[in-house]
file coords09.cif (mmCIF, N, CA and C atoms)
data_my_file
#
loop_
_atom_site.label_atom_id
_atom_site.label_comp_id
_atom_site.auth_asym_id
_atom_site.auth_seq_id
_atom_site.Cartn_x
_atom_site.Cartn_y
_atom_site.Cartn_z
N MET A 189 -130.44 -66.56 42.66
CA MET A 189 -130.31 -67.43 41.50
C MET A 189 -129.94 -68.85 41.92
N PHE A 190 -129.09 -68.98 42.95
CA PHE A 190 -128.74 -70.32 43.41
C PHE A 190 -129.98 -71.04 43.95
N GLY A 191 -130.83 -70.30 44.63
CA GLY A 191 -132.03 -70.90 45.20
C GLY A 191 -132.92 -71.54 44.15
N LYS A 192 -132.94 -70.98 42.95
CA LYS A 192 -133.74 -71.55 41.87
C LYS A 192 -133.19 -72.88 41.39
N ARG A 193 -131.92 -73.16 41.71
CA ARG A 193 -131.28 -74.41 41.30
C ARG A 193 -131.46 -75.52 42.34
N LEU A 194 -132.20 -75.21 43.40
CA LEU A 194 -132.44 -76.18 44.47
C LEU A 194 -133.93 -76.50 44.50
N PRO A 195 -134.38 -77.43 43.67
CA PRO A 195 -135.81 -77.66 43.50
C PRO A 195 -136.52 -78.16 44.75
N ASP A 196 -135.82 -78.79 45.66
CA ASP A 196 -136.46 -79.34 46.86
C ASP A 196 -136.33 -78.41 48.06
N GLU A 197 -135.82 -77.21 47.85
CA GLU A 197 -135.60 -76.26 48.93
C GLU A 197 -136.41 -74.99 48.66
N THR A 198 -136.68 -74.24 49.72
CA THR A 198 -137.32 -72.94 49.55
C THR A 198 -136.33 -71.86 49.98
N VAL A 199 -136.17 -70.88 49.11
CA VAL A 199 -135.24 -69.78 49.36
C VAL A 199 -135.93 -68.47 49.01
N GLU A 200 -135.92 -67.55 49.95
CA GLU A 200 -136.44 -66.21 49.72
C GLU A 200 -135.38 -65.22 50.20
N VAL A 201 -135.18 -64.15 49.44
CA VAL A 201 -134.15 -63.17 49.78
C VAL A 201 -134.78 -61.77 49.82
N THR A 202 -134.43 -61.04 50.88
CA THR A 202 -134.89 -59.67 51.04
C THR A 202 -133.68 -58.80 51.32
N SER A 203 -133.58 -57.67 50.62
CA SER A 203 -132.51 -56.71 50.88
C SER A 203 -132.86 -55.90 52.11
N THR A 204 -131.83 -55.63 52.92
CA THR A 204 -132.00 -54.78 54.10
C THR A 204 -130.93 -53.70 54.07
N ASP A 205 -130.97 -52.79 55.02
CA ASP A 205 -129.95 -51.75 55.07
C ASP A 205 -128.60 -52.29 55.55
N LYS A 206 -128.56 -53.53 56.04
CA LYS A 206 -127.31 -54.15 56.48
C LYS A 206 -126.82 -55.24 55.54
N GLY A 207 -127.67 -55.66 54.61
CA GLY A 207 -127.27 -56.72 53.68
C GLY A 207 -128.46 -57.48 53.15
N LEU A 208 -128.44 -58.79 53.37
CA LEU A 208 -129.50 -59.66 52.87
C LEU A 208 -130.07 -60.50 53.99
N ASP A 209 -131.38 -60.63 53.99
CA ASP A 209 -132.04 -61.61 54.83
C ASP A 209 -132.44 -62.75 53.92
N VAL A 210 -131.91 -63.93 54.22
CA VAL A 210 -132.19 -65.11 53.41
C VAL A 210 -132.99 -66.09 54.25
N THR A 211 -134.17 -66.42 53.78
CA THR A 211 -134.98 -67.44 54.43
C THR A 211 -134.77 -68.72 53.66
N TYR A 212 -134.14 -69.69 54.32
CA TYR A 212 -133.82 -70.97 53.70
C TYR A 212 -134.59 -72.05 54.45
N ASN A 213 -135.53 -72.67 53.74
CA ASN A 213 -136.39 -73.70 54.32
C ASN A 213 -137.04 -73.24 55.62
N GLY A 214 -137.54 -71.99 55.61
CA GLY A 214 -138.27 -71.47 56.74
C GLY A 214 -137.43 -70.83 57.83
N GLN A 215 -136.11 -70.92 57.75
CA GLN A 215 -135.24 -70.32 58.76
C GLN A 215 -134.60 -69.06 58.20
N LEU A 216 -134.67 -68.00 58.98
CA LEU A 216 -134.12 -66.71 58.57
C LEU A 216 -132.64 -66.63 58.92
N HIS A 217 -131.84 -66.20 57.95
CA HIS A 217 -130.40 -65.99 58.13
C HIS A 217 -130.06 -64.63 57.54
N SER A 218 -129.15 -63.92 58.19
CA SER A 218 -128.72 -62.62 57.68
C SER A 218 -127.31 -62.73 57.14
N ILE A 219 -127.08 -62.11 56.00
CA ILE A 219 -125.75 -62.01 55.41
C ILE A 219 -125.40 -60.53 55.37
N ALA A 220 -124.44 -60.14 56.19
CA ALA A 220 -124.02 -58.74 56.24
C ALA A 220 -123.18 -58.42 55.01
N LEU A 221 -123.46 -57.30 54.39
CA LEU A 221 -122.74 -56.88 53.20
C LEU A 221 -121.96 -55.60 53.48
N THR A 222 -120.97 -55.33 52.63
CA THR A 222 -120.15 -54.13 52.77
C THR A 222 -120.58 -53.03 51.80
N PHE A 223 -121.48 -53.38 50.88
CA PHE A 223 -121.95 -52.48 49.83
C PHE A 223 -120.80 -51.99 48.97
N THR A 224 -119.91 -52.95 48.64
CA THR A 224 -118.79 -52.74 47.73
C THR A 224 -118.79 -53.89 46.73
N GLY A 225 -117.83 -53.91 45.84
CA GLY A 225 -117.69 -55.00 44.88
C GLY A 225 -117.42 -56.34 45.54
N ASN A 226 -116.97 -56.32 46.79
CA ASN A 226 -116.71 -57.58 47.50
C ASN A 226 -117.98 -58.35 47.83
N ASP A 227 -119.11 -57.69 47.73
CA ASP A 227 -120.36 -58.33 48.13
C ASP A 227 -120.74 -59.53 47.29
N ARG A 228 -120.24 -59.61 46.07
CA ARG A 228 -120.55 -60.78 45.23
C ARG A 228 -120.16 -62.06 45.95
N TYR A 229 -118.91 -62.11 46.35
CA TYR A 229 -118.44 -63.34 46.98
C TYR A 229 -118.81 -63.44 48.45
N ILE A 230 -119.07 -62.32 49.10
CA ILE A 230 -119.62 -62.39 50.46
C ILE A 230 -120.97 -63.08 50.40
N THR A 231 -121.78 -62.74 49.41
CA THR A 231 -123.09 -63.36 49.23
C THR A 231 -122.96 -64.84 48.89
N ILE A 232 -122.08 -65.18 47.97
CA ILE A 232 -121.89 -66.58 47.57
C ILE A 232 -121.41 -67.41 48.76
N ARG A 233 -120.41 -66.90 49.48
CA ARG A 233 -119.91 -67.64 50.65
C ARG A 233 -120.99 -67.76 51.72
N GLY A 234 -121.77 -66.70 51.91
CA GLY A 234 -122.85 -66.75 52.90
C GLY A 234 -123.90 -67.77 52.54
N PHE A 235 -124.28 -67.82 51.28
CA PHE A 235 -125.28 -68.80 50.85
C PHE A 235 -124.72 -70.20 50.94
N GLN A 236 -123.45 -70.37 50.55
CA GLN A 236 -122.80 -71.67 50.66
C GLN A 236 -122.86 -72.18 52.10
N GLU A 237 -122.65 -71.29 53.04
CA GLU A 237 -122.70 -71.67 54.46
C GLU A 237 -124.09 -72.18 54.85
N LEU A 238 -125.12 -71.57 54.31
CA LEU A 238 -126.49 -71.98 54.63
C LEU A 238 -126.83 -73.37 54.11
N ILE A 239 -126.33 -73.69 52.93
CA ILE A 239 -126.72 -74.94 52.27
C ILE A 239 -125.69 -76.06 52.45
N ARG A 240 -124.60 -75.81 53.16
CA ARG A 240 -123.44 -76.69 53.19
C ARG A 240 -123.74 -78.12 53.63
N ASP A 241 -124.79 -78.35 54.40
CA ASP A 241 -125.09 -79.71 54.83
C ASP A 241 -125.60 -80.58 53.68
N LYS A 242 -126.23 -79.96 52.68
CA LYS A 242 -126.84 -80.72 51.59
C LYS A 242 -126.23 -80.45 50.22
N TYR A 243 -125.72 -79.23 50.01
CA TYR A 243 -125.27 -78.82 48.68
C TYR A 243 -123.92 -78.12 48.77
N GLU A 244 -123.28 -78.02 47.61
CA GLU A 244 -122.04 -77.26 47.52
C GLU A 244 -122.01 -76.52 46.20
N ILE A 245 -121.50 -75.29 46.25
CA ILE A 245 -121.33 -74.46 45.07
C ILE A 245 -119.85 -74.46 44.72
N ARG A 246 -119.53 -74.67 43.46
CA ARG A 246 -118.15 -74.55 43.00
C ARG A 246 -118.11 -73.69 41.74
N ARG A 247 -116.99 -72.97 41.60
CA ARG A 247 -116.81 -72.11 40.43
C ARG A 247 -116.04 -72.86 39.36
N PHE A 248 -116.44 -72.69 38.12
CA PHE A 248 -115.68 -73.24 37.01
C PHE A 248 -114.38 -72.46 36.88
N GLU A 249 -113.24 -73.16 36.90
CA GLU A 249 -111.93 -72.51 36.80
C GLU A 249 -111.81 -71.68 35.52
N ALA A 250 -112.34 -72.18 34.43
CA ALA A 250 -112.20 -71.49 33.14
C ALA A 250 -112.86 -70.11 33.14
N SER A 251 -113.77 -69.87 34.06
CA SER A 251 -114.46 -68.58 34.09
C SER A 251 -113.78 -67.56 34.99
N TYR A 252 -112.72 -67.94 35.69
CA TYR A 252 -112.13 -67.08 36.71
C TYR A 252 -111.65 -65.74 36.17
N LEU A 253 -110.98 -65.71 35.05
CA LEU A 253 -110.44 -64.45 34.52
C LEU A 253 -111.42 -63.69 33.64
N SER A 254 -112.65 -64.17 33.56
CA SER A 254 -113.67 -63.45 32.79
C SER A 254 -114.39 -62.46 33.71
N ASP A 255 -115.23 -61.63 33.12
CA ASP A 255 -115.99 -60.69 33.93
C ASP A 255 -117.25 -61.32 34.52
N THR A 256 -117.53 -62.55 34.13
CA THR A 256 -118.67 -63.30 34.65
C THR A 256 -118.20 -64.67 35.10
N HIS A 257 -118.39 -64.97 36.35
CA HIS A 257 -117.98 -66.27 36.87
C HIS A 257 -119.14 -67.25 36.77
N ASP A 258 -118.82 -68.48 36.38
CA ASP A 258 -119.81 -69.54 36.24
C ASP A 258 -119.68 -70.51 37.40
N PHE A 259 -120.83 -71.00 37.87
CA PHE A 259 -120.87 -71.87 39.03
C PHE A 259 -121.70 -73.10 38.74
N LEU A 260 -121.42 -74.14 39.51
CA LEU A 260 -122.23 -75.35 39.47
C LEU A 260 -122.58 -75.69 40.90
N ILE A 261 -123.86 -75.91 41.15
CA ILE A 261 -124.32 -76.30 42.47
C ILE A 261 -124.85 -77.73 42.37
N LEU A 262 -124.31 -78.60 43.21
CA LEU A 262 -124.70 -80.01 43.21
C LEU A 262 -124.90 -80.47 44.64
N PRO A 263 -125.63 -81.57 44.81
CA PRO A 263 -125.72 -82.16 46.14
C PRO A 263 -124.31 -82.51 46.65
N LYS A 264 -124.10 -82.33 47.92
CA LYS A 264 -122.80 -82.57 48.52
C LYS A 264 -122.31 -84.00 48.25
N LEU A 265 -123.20 -84.96 48.35
CA LEU A 265 -122.84 -86.36 48.09
C LEU A 265 -122.32 -86.54 46.68
N GLN A 266 -122.90 -85.86 45.72
CA GLN A 266 -122.45 -85.97 44.33
C GLN A 266 -121.04 -85.39 44.17
N TRP A 267 -120.76 -84.25 44.83
CA TRP A 267 -119.40 -83.69 44.79
C TRP A 267 -118.41 -84.66 45.41
N GLU A 268 -118.77 -85.29 46.51
CA GLU A 268 -117.88 -86.25 47.17
C GLU A 268 -117.56 -87.42 46.24
N GLU A 269 -118.56 -87.90 45.52
CA GLU A 269 -118.36 -89.00 44.58
C GLU A 269 -117.45 -88.57 43.42
N LEU A 270 -117.66 -87.37 42.89
CA LEU A 270 -116.82 -86.87 41.81
C LEU A 270 -115.38 -86.66 42.28
N ASP A 271 -115.20 -86.12 43.49
CA ASP A 271 -113.86 -85.92 44.05
C ASP A 271 -113.14 -87.25 44.23
N ALA A 272 -113.85 -88.27 44.66
CA ALA A 272 -113.24 -89.58 44.87
C ALA A 272 -112.90 -90.25 43.55
N ARG A 273 -113.75 -90.08 42.58
CA ARG A 273 -113.57 -90.77 41.29
C ARG A 273 -112.59 -90.04 40.36
N TYR A 274 -112.63 -88.71 40.37
CA TYR A 274 -111.80 -87.90 39.47
C TYR A 274 -111.10 -86.78 40.24
N PRO A 275 -110.26 -87.09 41.19
CA PRO A 275 -109.70 -86.04 42.06
C PRO A 275 -108.90 -84.97 41.32
N VAL A 276 -108.03 -85.35 40.43
CA VAL A 276 -107.18 -84.39 39.73
C VAL A 276 -108.01 -83.57 38.75
N ARG A 277 -108.78 -84.24 37.95
CA ARG A 277 -109.58 -83.55 36.93
C ARG A 277 -110.60 -82.60 37.56
N ASN A 278 -111.19 -83.04 38.66
CA ASN A 278 -112.16 -82.19 39.34
C ASN A 278 -111.52 -80.89 39.83
N ARG A 279 -110.30 -80.97 40.37
CA ARG A 279 -109.59 -79.78 40.83
C ARG A 279 -109.20 -78.88 39.66
N GLU A 280 -108.96 -79.46 38.50
CA GLU A 280 -108.62 -78.67 37.32
C GLU A 280 -109.83 -77.89 36.80
N ILE A 281 -111.00 -78.49 36.91
CA ILE A 281 -112.21 -77.89 36.34
C ILE A 281 -112.93 -76.96 37.31
N PHE A 282 -112.95 -77.31 38.60
CA PHE A 282 -113.74 -76.58 39.58
C PHE A 282 -112.89 -76.03 40.71
N HIS A 283 -113.33 -74.91 41.25
CA HIS A 283 -112.68 -74.31 42.41
C HIS A 283 -113.67 -74.32 43.57
N VAL A 284 -113.25 -74.85 44.69
CA VAL A 284 -114.08 -74.88 45.89
C VAL A 284 -114.21 -73.45 46.42
N ILE A 285 -115.40 -73.07 46.81
CA ILE A 285 -115.62 -71.74 47.36
C ILE A 285 -114.96 -71.69 48.74
N ASP A 286 -114.02 -70.74 48.89
CA ASP A 286 -113.32 -70.58 50.16
C ASP A 286 -113.28 -69.10 50.54
N ASP A 287 -112.69 -68.79 51.68
CA ASP A 287 -112.65 -67.40 52.16
C ASP A 287 -111.81 -66.47 51.30
N GLU A 288 -110.92 -67.02 50.50
CA GLU A 288 -110.03 -66.20 49.67
C GLU A 288 -110.60 -65.86 48.31
N LEU A 289 -111.61 -66.59 47.88
CA LEU A 289 -112.12 -66.46 46.54
C LEU A 289 -112.79 -65.10 46.32
N ASP A 290 -112.40 -64.43 45.24
CA ASP A 290 -112.98 -63.15 44.88
C ASP A 290 -112.68 -62.91 43.40
N PHE A 291 -113.20 -61.85 42.85
CA PHE A 291 -112.85 -61.51 41.47
C PHE A 291 -111.38 -61.11 41.43
N PRO A 292 -110.67 -61.48 40.35
CA PRO A 292 -109.24 -61.14 40.27
C PRO A 292 -109.00 -59.65 40.10
#

call {"tool": "encode", "arguments": {"input": "coords09.cif", "output": "structure tokens"}}
result
Amino acid sequence: MFGKRLPDETVEVTSTDKGLDVTYNGQLHSIALTFTGNDRYITIRGFQELIRDKYEIRRFEASYLSDTHDFLILPKLQWEELDARYPVRNREIFHVIDDELDFP
């Protein structure tokens, strides 16, 4: 779903017995999964790692305690501009994807 939000990029995903094979702009990357509920954020963190040079995914704070988390993916430069212009408000609204992030 994130790949569909990147109009200038090509993303293809294939399930494997070990997880996901993600082809991002012609390069194959594997994301190992545990086949548990933790895989949601393992997948998100893995995809974030692939696109980190150009894009960043952040979660809306207001969605954290819901059963469905909402995300916004923007060019990295745009996030940097928003962080510089609205540092406090941006931290109140969005959560940076990190190694600790998971469903509550």

call {"tool": "atom_distance", "arguments": {"input": "coords09.cif", "atom1": "atom C of Leu260 in chain A", "atom2": "atom C of Asp205 in chain A"}}
result
28.3 Å

call {"tool": "select_by_dssp", "arguments": {"input": "coords09.cif", "residues": "range 236-291 of chain A", "states": "strand (DSSP E)", "output": "PDB file with N, CA and C atoms, in the coordinates of the input"}}
result
ATOM      1  N   TYR A 243    -125.720 -79.230  50.010  1.00  0.00           N
ATOM      2  CA  TYR A 243    -125.270 -78.820  48.680  1.00  0.00           C
ATOM      3  C   TYR A 243    -123.920 -78.120  48.770  1.00  0.00           C
ATOM      4  N   GLU A 244    -123.280 -78.020  47.610  1.00  0.00           N
ATOM      5  CA  GLU A 244    -122.040 -77.260  47.520  1.00  0.00           C
ATOM      6  C   GLU A 244    -122.010 -76.520  46.200  1.00  0.00           C
ATOM      7  N   ILE A 245    -121.500 -75.290  46.250  1.00  0.00           N
ATOM      8  CA  ILE A 245    -121.330 -74.460  45.070  1.00  0.00           C
ATOM      9  C   ILE A 245    -119.850 -74.460  44.720  1.00  0.00           C
ATOM     10  N   ARG A 246    -119.530 -74.670  43.460  1.00  0.00           N
ATOM     11  CA  ARG A 246    -118.150 -74.550  43.000  1.00  0.00           C
ATOM     12  C   ARG A 246    -118.110 -73.690  41.740  1.00  0.00           C
ATOM     13  N   ARG A 247    -116.990 -72.970  41.600  1.00  0.00           N
ATOM     14  CA  ARG A 247    -116.810 -72.110  40.430  1.00  0.00           C
ATOM     15  C   ARG A 247    -116.040 -72.860  39.360  1.00  0.00           C
ATOM     16  N   PHE A 248    -116.440 -72.690  38.120  1.00  0.00           N
ATOM     17  CA  PHE A 248    -115.680 -73.240  37.010  1.00  0.00           C
ATOM     18  C   PHE A 248    -114.380 -72.460  36.880  1.00  0.00           C
ATOM     19  N   PHE A 259    -120.830 -71.000  37.870  1.00  0.00           N
ATOM     20  CA  PHE A 259    -120.870 -71.870  39.030  1.00  0.00           C
ATOM     21  C   PHE A 259    -121.700 -73.100  38.740  1.00  0.00           C
ATOM     22  N   LEU A 260    -121.420 -74.140  39.510  1.00  0.00           N
ATOM     23  CA  LEU A 260    -122.230 -75.350  39.470  1.00  0.00           C
ATOM     24  C   LEU A 260    -122.580 -75.690  40.900  1.00  0.00           C
ATOM     25  N   ILE A 261    -123.860 -75.910  41.150  1.00  0.00           N
ATOM     26  CA  ILE A 261    -124.320 -76.300  42.470  1.00  0.00           C
ATOM     27  C   ILE A 261    -124.850 -77.730  42.370  1.00  0.00           C
ATOM     28  N   LEU A 262    -124.310 -78.600  43.210  1.00  0.00           N
ATOM     29  CA  LEU A 262    -124.700 -80.010  43.210  1.00  0.00           C
ATOM     30  C   LEU A 262    -124.900 -80.470  44.640  1.00  0.00           C
ATOM     31  N   PRO A 263    -125.630 -81.570  44.810  1.00  0.00           N
ATOM     32  CA  PRO A 263    -125.720 -82.160  46.140  1.00  0.00           C
ATOM     33  C   PRO A 263    -124.310 -82.510  46.650  1.00  0.00           C
ATOM     34  N   PHE A 282    -112.950 -77.310  38.600  1.00  0.00           N
ATOM     35  CA  PHE A 282    -113.740 -76.580  39.580  1.00  0.00           C
ATOM     36  C   PHE A 282    -112.890 -76.030  40.710  1.00  0.00           C
ATOM     37  N   HIS A 283    -113.330 -74.910  41.250  1.00  0.00           N
ATOM     38  CA  HIS A 283    -112.680 -74.310  42.410  1.00  0.00           C
ATOM     39  C   HIS A 283    -113.670 -74.320  43.570  1.00  0.00           C
ATOM     40  N   VAL A 284    -113.250 -74.850  44.690  1.00  0.00           N
ATOM     41  CA  VAL A 284    -114.080 -74.880  45.890  1.00  0.00           C
ATOM     42  C   VAL A 284    -114.210 -73.450  46.420  1.00  0.00           C
TER      43      VAL A 284
END

call {"tool": "select_by_dssp", "arguments": {"input": "coords09.cif", "residues": "range 192-286 of chain A", "states": "alpha helix (DSSP H)", "output": "MDAnalysis selection string"}}
result
chainID A and resid 227:239 264:273 275:281

call {"tool": "closest_atom_pairs", "arguments": {"input": "coords09.cif", "of": "range 248-274 of chain A", "to": "range 226-238 of chain A", "cutoff": "12 Å", "atoms": "only C-alpha atoms", "output": "JSON lines"}}
result
{"residue": "A:Thr256", "atom": "CA", "partner": "A:Arg228", "partner_atom": "CA", "distance": 11.0}
{"residue": "A:His257", "atom": "CA", "partner": "A:Arg228", "partner_atom": "CA", "distance": 10.3}
{"residue": "A:Asp258", "atom": "CA", "partner": "A:Ile232", "partner_atom": "CA", "distance": 11.9}
{"residue": "A:Phe259", "atom": "CA", "partner": "A:Ile232", "partner_atom": "CA", "distance": 10.1}
{"residue": "A:Leu260", "atom": "CA", "partner": "A:Gln236", "partner_atom": "CA", "distance": 11.8}
{"residue": "A:Ile261", "atom": "CA", "partner": "A:Gln236", "partner_atom": "CA", "distance": 9.5}
{"residue": "A:Leu262", "atom": "CA", "partner": "A:Gln236", "partner_atom": "CA", "distance": 11.3}
{"residue": "A:Pro263", "atom": "CA", "partner": "A:Gln236", "partner_atom": "CA", "distance": 11.8}
{"residue": "A:Lys264", "atom": "CA", "partner": "A:Gln236", "partner_atom": "CA", "distance": 11.1}

call {"tool": "atom_distance", "arguments": {"input": "coords09.cif", "atom1": "CA of Val201 in chain A", "atom2": "CA of Ile245 in chain A"}}
result
17.7 Å

call {"tool": "resolve_selection", "arguments": {"input": "coords09.cif", "expression": "the PyMOL selection byres (((chain A and resi 198 and name CA) around 8) and name CA)", "output": "PyMOL selection string"}}
result
chain A and resi 191+194-197+199-200+211-214

call {"tool": "write_last_selection", "arguments": {"input": "coords09.cif", "atoms": "N, CA and C atoms", "output": "PDB file, in the frame of the given file"}}
result
ATOM      1  N   GLY A 191    -130.830 -70.300  44.630  1.00  0.00           N
ATOM      2  CA  GLY A 191    -132.030 -70.900  45.200  1.00  0.00           C
ATOM      3  C   GLY A 191    -132.920 -71.540  44.150  1.00  0.00           C
ATOM      4  N   LEU A 194    -132.200 -75.210  43.400  1.00  0.00           N
ATOM      5  CA  LEU A 194    -132.440 -76.180  44.470  1.00  0.00           C
ATOM      6  C   LEU A 194    -133.930 -76.500  44.500  1.00  0.00           C
ATOM      7  N   PRO A 195    -134.380 -77.430  43.670  1.00  0.00           N
ATOM      8  CA  PRO A 195    -135.810 -77.660  43.500  1.00  0.00           C
ATOM      9  C   PRO A 195    -136.520 -78.160  44.750  1.00  0.00           C
ATOM     10  N   ASP A 196    -135.820 -78.790  45.660  1.00  0.00           N
ATOM     11  CA  ASP A 196    -136.460 -79.340  46.860  1.00  0.00           C
ATOM     12  C   ASP A 196    -136.330 -78.410  48.060  1.00  0.00           C
ATOM     13  N   GLU A 197    -135.820 -77.210  47.850  1.00  0.00           N
ATOM     14  CA  GLU A 197    -135.600 -76.260  48.930  1.00  0.00           C
ATOM     15  C   GLU A 197    -136.410 -74.990  48.660  1.00  0.00           C
ATOM     16  N   VAL A 199    -136.170 -70.880  49.110  1.00  0.00           N
ATOM     17  CA  VAL A 199    -135.240 -69.780  49.360  1.00  0.00           C
ATOM     18  C   VAL A 199    -135.930 -68.470  49.010  1.00  0.00           C
ATOM     19  N   GLU A 200    -135.920 -67.550  49.950  1.00  0.00           N
ATOM     20  CA  GLU A 200    -136.440 -66.210  49.720  1.00  0.00           C
ATOM     21  C   GLU A 200    -135.380 -65.220  50.200  1.00  0.00           C
ATOM     22  N   THR A 211    -134.170 -66.420  53.780  1.00  0.00           N
ATOM     23  CA  THR A 211    -134.980 -67.440  54.430  1.00  0.00           C
ATOM     24  C   THR A 211    -134.770 -68.720  53.660  1.00  0.00           C
ATOM     25  N   TYR A 212    -134.140 -69.690  54.320  1.00  0.00           N
ATOM     26  CA  TYR A 212    -133.820 -70.970  53.700  1.00  0.00           C
ATOM     27  C   TYR A 212    -134.590 -72.050  54.450  1.00  0.00           C
ATOM     28  N   ASN A 213    -135.530 -72.670  53.740  1.00  0.00           N
ATOM     29  CA  ASN A 213    -136.390 -73.700  54.320  1.00  0.00           C
ATOM     30  C   ASN A 213    -137.040 -73.240  55.620  1.00  0.00           C
ATOM     31  N   GLY A 214    -137.540 -71.990  55.610  1.00  0.00           N
ATOM     32  CA  GLY A 214    -138.270 -71.470  56.740  1.00  0.00           C
ATOM     33  C   GLY A 214    -137.430 -70.830  57.830  1.00  0.00           C
TER      34      GLY A 214
END

call {"tool": "closest_residue", "arguments": {"input": "coords09.cif", "among": "A:Arg273, A:Arg246, A:Ser251, A:Lys206", "to": "Ile285 in chain A", "atoms": "only C-alpha atoms"}}
result
A:Arg246

call {"tool": "atom_distance", "arguments": {"input": "coords09.cif", "atom1": "CA of Gln266 in chain A", "atom2": "CA of Asp287 in chain A"}}
result
22.4 Å

call {"tool": "residues_around", "arguments": {"input": "coords09.cif", "residues": "Ile281 in chain A", "least_positions_apart": "2", "cutoff": "6 Å", "atoms": "all atoms listed in the file", "output": "CSV table (one decimal) with N, CA and C atoms, in the frame of the given file"}}
result
chain,number,residue,atom,x,y,z
A,247,ARG,N,-117.0,-73.0,41.6
A,247,ARG,CA,-116.8,-72.1,40.4
A,247,ARG,C,-116.0,-72.9,39.4
A,248,PHE,N,-116.4,-72.7,38.1
A,248,PHE,CA,-115.7,-73.2,37.0
A,248,PHE,C,-114.4,-72.5,36.9
A,249,GLU,N,-113.2,-73.2,36.9
A,249,GLU,CA,-111.9,-72.5,36.8
A,249,GLU,C,-111.8,-71.7,35.5
A,250,ALA,N,-112.3,-72.2,34.4
A,250,ALA,CA,-112.2,-71.5,33.1
A,250,ALA,C,-112.9,-70.1,33.1
A,277,ARG,N,-108.8,-84.2,38.0
A,277,ARG,CA,-109.6,-83.6,36.9
A,277,ARG,C,-110.6,-82.6,37.6
A,278,ASN,N,-111.2,-83.0,38.7
A,278,ASN,CA,-112.2,-82.2,39.3
A,278,ASN,C,-111.5,-80.9,39.8
A,279,ARG,N,-110.3,-81.0,40.4
A,279,ARG,CA,-109.6,-79.8,40.8
A,279,ARG,C,-109.2,-78.9,39.7
A,283,HIS,N,-113.3,-74.9,41.2
A,283,HIS,CA,-112.7,-74.3,42.4
A,283,HIS,C,-113.7,-74.3,43.6

call {"tool": "closest_residue", "arguments": {"input": "coords09.cif", "among": "A:Phe223, A:Phe190, A:Tyr252, A:Tyr243", "to": "Trp267 in chain A", "atoms": "only N, CA and C atoms"}}
result
A:Tyr243
